[in-house]
$ cat structure_27.txt   # compact mmCIF, C-alpha atoms
# COMPACT_ATOMS: atom_id res chain seq x y z
CA MET A 98 81.62 18.60 243.70
CA LEU A 99 83.49 18.66 246.95
CA ALA A 100 84.63 15.08 246.49
CA GLY A 101 85.98 15.91 243.01
CA GLY A 102 87.89 18.90 244.36
CA GLY A 103 89.49 16.67 246.94
CA LEU A 104 90.69 14.27 244.25
CA LEU A 105 92.33 17.04 242.28
CA ALA A 106 94.12 18.32 245.32
CA GLY A 107 95.48 14.86 245.97
CA THR A 108 97.06 14.61 242.50
CA VAL A 109 99.40 17.57 242.90
CA PRO A 110 102.96 16.25 243.35
CA ALA A 111 104.67 17.03 246.62
CA VAL A 112 107.62 19.40 246.47
CA ALA A 113 110.71 17.86 248.01
CA ALA A 114 112.74 19.91 250.46
CA PRO A 115 116.17 20.86 249.14
CA ALA A 116 118.86 18.38 250.09
CA ALA A 117 121.26 19.55 252.77
CA VAL A 118 124.73 20.32 251.46
CA ASP A 119 127.58 18.39 253.04
CA CYS A 120 130.36 20.91 253.74
CA ALA A 121 132.72 18.41 255.35
CA VAL A 122 136.26 18.95 254.02
CA THR A 123 139.48 16.97 254.30
CA TRP A 124 141.81 19.67 253.01
CA GLY A 125 143.70 20.55 256.19
CA SER A 126 145.63 23.73 256.90
CA LEU A 127 149.24 22.70 256.22
CA ASP A 128 151.44 24.32 253.55
CA LYS A 129 150.63 23.49 249.94
CA THR A 130 153.08 23.73 247.03
CA GLY A 131 153.14 23.11 243.31
CA ASP A 132 156.24 23.09 241.12
CA ALA A 133 156.65 24.73 237.73
CA VAL A 134 159.46 24.73 235.19
CA ALA A 135 158.75 28.20 233.79
CA SER A 136 157.33 31.42 235.19
CA ARG A 137 153.72 32.21 234.25
CA ARG A 138 152.57 35.83 233.91
CA LEU A 139 149.49 36.55 236.02
CA THR A 140 146.79 38.47 234.15
CA ASP A 141 143.86 38.66 236.58
CA VAL A 142 142.65 37.81 240.06
CA ARG A 143 139.05 37.32 241.13
CA THR A 144 137.02 35.92 243.97
CA GLY A 145 133.77 34.07 244.51
CA GLN A 146 131.52 32.90 247.30
CA HIS A 147 130.29 29.30 247.46
CA GLU A 148 128.08 27.51 249.94
CA CYS A 149 130.96 25.77 251.75
CA PHE A 150 134.00 27.94 250.94
CA ASP A 151 135.27 31.24 249.57
CA ARG A 152 137.36 31.08 246.38
CA LEU A 153 140.33 33.10 245.08
CA VAL A 154 141.38 32.57 241.44
CA PHE A 155 144.56 33.73 239.70
CA ASP A 156 144.52 33.71 235.88
CA ALA A 157 147.82 33.13 234.06
CA GLN A 158 149.09 33.34 230.48
CA GLY A 159 150.45 30.29 228.72
CA THR A 160 149.12 26.94 227.70
CA THR A 161 146.83 24.93 229.92
CA ALA A 162 149.47 22.20 230.19
CA ASP A 163 151.97 24.55 231.87
CA PRO A 164 151.87 24.16 235.65
CA ILE A 165 151.61 27.30 237.76
CA GLY A 166 154.19 27.18 240.57
CA TYR A 167 153.01 28.21 244.04
CA THR A 168 153.42 28.00 247.79
CA VAL A 169 150.43 28.79 250.00
CA ARG A 170 150.82 28.73 253.77
CA TYR A 171 149.56 30.26 256.97
CA VAL A 172 151.90 32.82 258.54
CA ASP A 173 151.70 34.70 261.83
CA VAL A 174 152.79 37.97 260.18
CA LEU A 175 152.92 38.83 256.48
CA HIS A 176 156.35 40.21 255.50
CA GLN A 177 156.68 41.87 252.11
CA ASP A 178 159.20 40.18 249.84
CA PRO A 179 162.03 41.28 249.51
CA SER A 180 161.92 44.29 251.89
CA ASP A 181 160.72 42.29 254.92
CA ILE A 182 158.34 45.15 255.82
CA VAL A 183 155.33 43.95 257.81
CA VAL A 184 152.12 44.18 255.74
CA PRO A 185 149.01 44.68 257.88
CA ILE A 186 146.09 42.57 256.73
CA LYS A 187 142.64 42.09 258.26
CA GLY A 188 141.58 38.72 259.63
CA GLY A 189 142.18 36.21 262.37
CA ALA A 190 144.69 34.32 260.19
CA ILE A 191 146.84 35.12 257.15
CA LEU A 192 147.54 33.01 254.09
CA GLU A 193 150.75 33.98 252.30
CA ILE A 194 150.54 33.16 248.59
CA SER A 195 153.76 33.03 246.59
CA LEU A 196 153.41 32.41 242.85
CA PHE A 197 156.16 31.62 240.35
CA SER A 198 155.25 34.65 238.26
CA SER A 199 157.42 37.66 237.54
CA ARG A 200 155.86 41.10 237.93
CA TYR A 201 158.23 42.41 235.21
CA ASP A 202 158.56 41.69 231.50
CA PRO A 203 161.92 39.87 231.16
CA ALA A 204 162.49 41.31 227.66
CA THR A 205 162.03 44.99 228.62
CA GLY A 206 162.41 45.07 232.40
CA GLN A 207 159.17 47.07 232.55
CA PRO A 208 156.49 46.11 235.08
CA TYR A 209 153.40 44.30 233.87
CA PRO A 210 150.09 46.04 234.60
CA PRO A 211 149.20 45.54 238.27
CA LEU A 212 146.72 42.85 239.18
CA PRO A 213 143.29 44.24 240.06
CA SER A 214 142.25 44.48 243.66
CA ALA A 215 139.71 41.96 244.90
CA ASN A 216 136.91 43.27 247.08
CA VAL A 217 135.95 40.60 249.60
CA THR A 218 133.57 42.71 251.67
CA GLY A 219 130.73 40.55 252.97
CA TYR A 220 132.48 37.23 252.38
CA ARG A 221 131.95 34.56 255.01
CA THR A 222 135.64 33.59 255.35
CA PHE A 223 137.75 36.14 253.41
CA ARG A 224 138.55 39.43 255.16
CA GLU A 225 141.13 41.14 252.91
CA PHE A 226 143.25 40.42 249.85
CA LYS A 227 146.45 42.28 248.87
CA VAL A 228 149.10 41.78 246.22
CA THR A 229 152.11 42.73 248.31
CA GLY A 230 155.06 42.53 245.94
CA GLY A 231 157.56 39.97 244.85
CA SER A 232 161.07 39.56 243.55
CA GLU A 233 163.24 37.31 241.41
CA GLY A 234 160.40 35.87 239.36
CA TYR A 235 157.85 35.60 242.16
CA THR A 236 154.63 37.44 242.99
CA GLN A 237 153.51 37.58 246.61
CA ALA A 238 150.00 38.13 247.92
CA GLY A 239 148.30 38.00 251.30
CA LEU A 240 144.83 36.73 252.06
CA GLY A 241 143.35 37.60 255.44
CA VAL A 242 140.77 35.06 256.55
CA ARG A 243 138.39 34.78 259.51
CA ALA A 244 140.37 32.00 261.22
CA ARG A 245 142.96 29.32 260.44
CA LEU A 246 140.64 27.17 258.36
CA PRO A 247 141.23 24.28 255.93
CA PHE A 248 142.20 25.28 252.40
CA GLN A 249 142.97 23.62 249.08
CA VAL A 250 144.97 24.78 246.08
CA PHE A 251 144.65 23.36 242.57
CA GLN A 252 145.12 24.29 238.93
CA THR A 253 142.50 24.03 236.26
CA ALA A 254 143.50 25.18 232.76
CA ASN A 255 145.13 28.63 233.16
CA HIS A 256 143.72 29.21 236.64
CA LEU A 257 145.25 28.66 240.06
CA VAL A 258 142.45 28.24 242.59
CA VAL A 259 142.66 28.76 246.37
CA ASP A 260 139.55 27.65 248.30
CA VAL A 261 139.21 28.36 252.03
CA ALA A 262 136.48 26.44 253.87
CA HIS A 263 133.91 28.23 256.00
CA THR A 264 134.25 25.69 258.81
CA TRP A 265 136.31 22.71 259.94
$ encode --input "structure_27.txt" --output "structure tokens"
Amino acid sequence: MLAGGGLLAGTVPAVAAPAAVDCAVTWGSLDKTGDAVASRRLTDVRTGQHECFDRLVFDAQGTTADPIGYTVRYVDVLHQDPSDIVVPIKGGAILEISLFSSRYDPATGQPYPPLPSANVTGYRTFREFKVTGGSEGYTQAGLGVRARLPFQVFQTANHLVVDVAHTW
């Protein structure tokens, strides 16, 4: 009996340890820009946490083939466009995000509904997100992050994605 029990125990497959995730990035921390021919109305903003980075996503109206224009860069101080008022934002570094997207309906001159706030409490890299204003067809936002870390910006369908790595 004991010998048979030992055989059964030997036939149970071993459970492999989860593979370690490689969080090495090559994104860098220099300014990133993308050109667009036409302004795209922003309809939503949301965030997510991933194993190697925190993610900020802007949703835009239009067809998926239409590029979303942007400039994303680190700044020492976030100045509201166009007033130049300093906008306080939590974090060890600040990403200024400028999107080619009017905050006003060009046909009526009325403002579009404001973008929702994004709660980043408990995120590993993000500290605070604010839509700060904009003018002349642009929307400006600030993203406070833990430190000046590598980031990438890309478009997928109607979404502009900003990823900020957790480490170098």
$ residues_near_point --input "structure_27.txt" --point "(144.9, 43.9, 241.8)" --cutoff "8 Å" --atoms "only C-alpha atoms" --output "number ranges by chain"
A: 141-142, 211-215, 227-228
$ residues_near_point --input "structure_27.txt" --point "(156.0, 25.4, 236.7)" --cutoff "12 Å" --atoms "all atoms listed in the file" --output "CSV table (one decimal) with C-alpha atoms, keeping the file's coordinate frame"
chain,number,residue,atom,x,y,z
A,130,THR,CA,153.1,23.7,247.0
A,131,GLY,CA,153.1,23.1,243.3
A,132,ASP,CA,156.2,23.1,241.1
A,133,ALA,CA,156.6,24.7,237.7
A,134,VAL,CA,159.5,24.7,235.2
A,135,ALA,CA,158.8,28.2,233.8
A,136,SER,CA,157.3,31.4,235.2
A,137,ARG,CA,153.7,32.2,234.2
A,138,ARG,CA,152.6,35.8,233.9
A,157,ALA,CA,147.8,33.1,234.1
A,159,GLY,CA,150.4,30.3,228.7
A,160,THR,CA,149.1,26.9,227.7
A,161,THR,CA,146.8,24.9,229.9
A,162,ALA,CA,149.5,22.2,230.2
A,163,ASP,CA,152.0,24.6,231.9
A,164,PRO,CA,151.9,24.2,235.6
A,165,ILE,CA,151.6,27.3,237.8
A,166,GLY,CA,154.2,27.2,240.6
A,167,TYR,CA,153.0,28.2,244.0
A,168,THR,CA,153.4,28.0,247.8
A,196,LEU,CA,153.4,32.4,242.8
A,197,PHE,CA,156.2,31.6,240.4
A,198,SER,CA,155.2,34.6,238.3
A,234,GLY,CA,160.4,35.9,239.4
A,235,TYR,CA,157.8,35.6,242.2
A,252,GLN,CA,145.1,24.3,238.9
A,255,ASN,CA,145.1,28.6,233.2
A,257,LEU,CA,145.2,28.7,240.1
$ closest_residue --input "structure_27.txt" --among "A:Tyr220, A:Thr253, A:Ser232, A:Asp156" --to "A:Asp178" --atoms "all atoms listed in the file"
A:Ser232
$ atom_distance --input "structure_27.txt" --atom1 "atom CA of A:Asp181" --atom2 "atom CA of A:Glu193"
13.2 Å
$ atom_distance --input "structure_27.txt" --atom1 "atom CA of A:Phe150" --atom2 "atom CA of A:Phe248"
8.7 Å
$ atom_distance --input "structure_27.txt" --atom1 "atom CA of A:Asp151" --atom2 "atom CA of A:Leu127"
17.7 Å
$ closest_residue --input "structure_27.txt" --among "A:Gly219, A:Pro179, A:Gly189, A:Pro247" --to "A:Trp265" --atoms "all atoms listed in the file"
A:Pro247
$ decode --input "structure_27.txt" --residues "stretch 169-192 of chain A" --atoms "N, CA and C atoms" --output "PDB file, in the first residue's frame"
ATOM      1  N   VAL A 169       3.825  65.900 -25.376  1.00  0.00           N
ATOM      2  CA  VAL A 169       3.945  65.478 -23.980  1.00  0.00           C
ATOM      3  C   VAL A 169       5.396  65.699 -23.590  1.00  0.00           C
ATOM      4  N   ARG A 170       5.591  66.432 -22.486  1.00  0.00           N
ATOM      5  CA  ARG A 170       6.963  66.758 -22.080  1.00  0.00           C
ATOM      6  C   ARG A 170       7.020  67.026 -20.587  1.00  0.00           C
ATOM      7  N   TYR A 171       8.198  66.793 -20.036  1.00  0.00           N
ATOM      8  CA  TYR A 171       8.429  67.148 -18.636  1.00  0.00           C
ATOM      9  C   TYR A 171       8.657  68.651 -18.533  1.00  0.00           C
ATOM     10  N   VAL A 172       8.066  69.261 -17.512  1.00  0.00           N
ATOM     11  CA  VAL A 172       8.266  70.682 -17.229  1.00  0.00           C
ATOM     12  C   VAL A 172       8.610  70.833 -15.752  1.00  0.00           C
ATOM     13  N   ASP A 173       9.336  71.903 -15.429  1.00  0.00           N
ATOM     14  CA  ASP A 173       9.669  72.171 -14.029  1.00  0.00           C
ATOM     15  C   ASP A 173       8.460  72.698 -13.263  1.00  0.00           C
ATOM     16  N   VAL A 174       7.643  73.505 -13.947  1.00  0.00           N
ATOM     17  CA  VAL A 174       6.443  74.102 -13.361  1.00  0.00           C
ATOM     18  C   VAL A 174       5.351  74.048 -14.420  1.00  0.00           C
ATOM     19  N   LEU A 175       4.144  73.691 -14.010  1.00  0.00           N
ATOM     20  CA  LEU A 175       3.026  73.643 -14.944  1.00  0.00           C
ATOM     21  C   LEU A 175       2.335  74.997 -14.964  1.00  0.00           C
ATOM     22  N   HIS A 176       2.332  75.652 -16.124  1.00  0.00           N
ATOM     23  CA  HIS A 176       1.675  76.950 -16.303  1.00  0.00           C
ATOM     24  C   HIS A 176       0.406  76.738 -17.112  1.00  0.00           C
ATOM     25  N   GLN A 177      -0.717  77.223 -16.593  1.00  0.00           N
ATOM     26  CA  GLN A 177      -1.988  77.088 -17.290  1.00  0.00           C
ATOM     27  C   GLN A 177      -1.980  77.904 -18.572  1.00  0.00           C
ATOM     28  N   ASP A 178      -2.434  77.274 -19.662  1.00  0.00           N
ATOM     29  CA  ASP A 178      -2.532  77.954 -20.946  1.00  0.00           C
ATOM     30  C   ASP A 178      -3.951  78.503 -21.070  1.00  0.00           C
ATOM     31  N   PRO A 179      -4.177  79.740 -21.400  1.00  0.00           N
ATOM     32  CA  PRO A 179      -3.250  80.784 -21.818  1.00  0.00           C
ATOM     33  C   PRO A 179      -2.891  81.762 -20.706  1.00  0.00           C
ATOM     34  N   SER A 180      -3.413  81.586 -19.491  1.00  0.00           N
ATOM     35  CA  SER A 180      -3.250  82.605 -18.438  1.00  0.00           C
ATOM     36  C   SER A 180      -1.848  82.664 -17.849  1.00  0.00           C
ATOM     37  N   ASP A 181      -1.078  81.590 -17.986  1.00  0.00           N
ATOM     38  CA  ASP A 181       0.265  81.478 -17.436  1.00  0.00           C
ATOM     39  C   ASP A 181       0.270  81.359 -15.909  1.00  0.00           C
ATOM     40  N   ILE A 182      -0.890  81.118 -15.308  1.00  0.00           N
ATOM     41  CA  ILE A 182      -0.976  80.899 -13.864  1.00  0.00           C
ATOM     42  C   ILE A 182      -0.317  79.558 -13.549  1.00  0.00           C
ATOM     43  N   VAL A 183       0.464  79.520 -12.452  1.00  0.00           N
ATOM     44  CA  VAL A 183       1.100  78.277 -12.029  1.00  0.00           C
ATOM     45  C   VAL A 183       0.037  77.349 -11.450  1.00  0.00           C
ATOM     46  N   VAL A 184       0.031  76.094 -11.935  1.00  0.00           N
ATOM     47  CA  VAL A 184      -0.914  75.080 -11.458  1.00  0.00           C
ATOM     48  C   VAL A 184      -0.149  74.120 -10.552  1.00  0.00           C
ATOM     49  N   PRO A 185      -0.471  74.105  -9.252  1.00  0.00           N
ATOM     50  CA  PRO A 185       0.215  73.161  -8.364  1.00  0.00           C
ATOM     51  C   PRO A 185      -0.242  71.734  -8.673  1.00  0.00           C
ATOM     52  N   ILE A 186       0.712  70.827  -8.681  1.00  0.00           N
ATOM     53  CA  ILE A 186       0.392  69.423  -8.949  1.00  0.00           C
ATOM     54  C   ILE A 186       1.349  68.549  -8.156  1.00  0.00           C
ATOM     55  N   LYS A 187       0.821  67.511  -7.534  1.00  0.00           N
ATOM     56  CA  LYS A 187       1.619  66.627  -6.683  1.00  0.00           C
ATOM     57  C   LYS A 187       2.563  65.772  -7.512  1.00  0.00           C
ATOM     58  N   GLY A 188       3.737  65.501  -6.950  1.00  0.00           N
ATOM     59  CA  GLY A 188       4.690  64.604  -7.595  1.00  0.00           C
ATOM     60  C   GLY A 188       6.084  65.173  -7.617  1.00  0.00           C
ATOM     61  N   GLY A 189       7.047  64.317  -7.884  1.00  0.00           N
ATOM     62  CA  GLY A 189       8.434  64.732  -7.992  1.00  0.00           C
ATOM     63  C   GLY A 189       8.780  65.260  -9.368  1.00  0.00           C
ATOM     64  N   ALA A 190       7.892  65.026 -10.350  1.00  0.00           N
ATOM     65  CA  ALA A 190       8.078  65.522 -11.717  1.00  0.00           C
ATOM     66  C   ALA A 190       6.698  65.744 -12.325  1.00  0.00           C
ATOM     67  N   ILE A 191       6.647  66.587 -13.359  1.00  0.00           N
ATOM     68  CA  ILE A 191       5.369  66.952 -13.983  1.00  0.00           C
ATOM     69  C   ILE A 191       5.446  66.733 -15.485  1.00  0.00           C
ATOM     70  N   LEU A 192       4.489  65.984 -16.009  1.00  0.00           N
ATOM     71  CA  LEU A 192       4.324  65.860 -17.455  1.00  0.00           C
ATOM     72  C   LEU A 192       3.228  66.823 -17.886  1.00  0.00           C
TER      73      LEU A 192
END
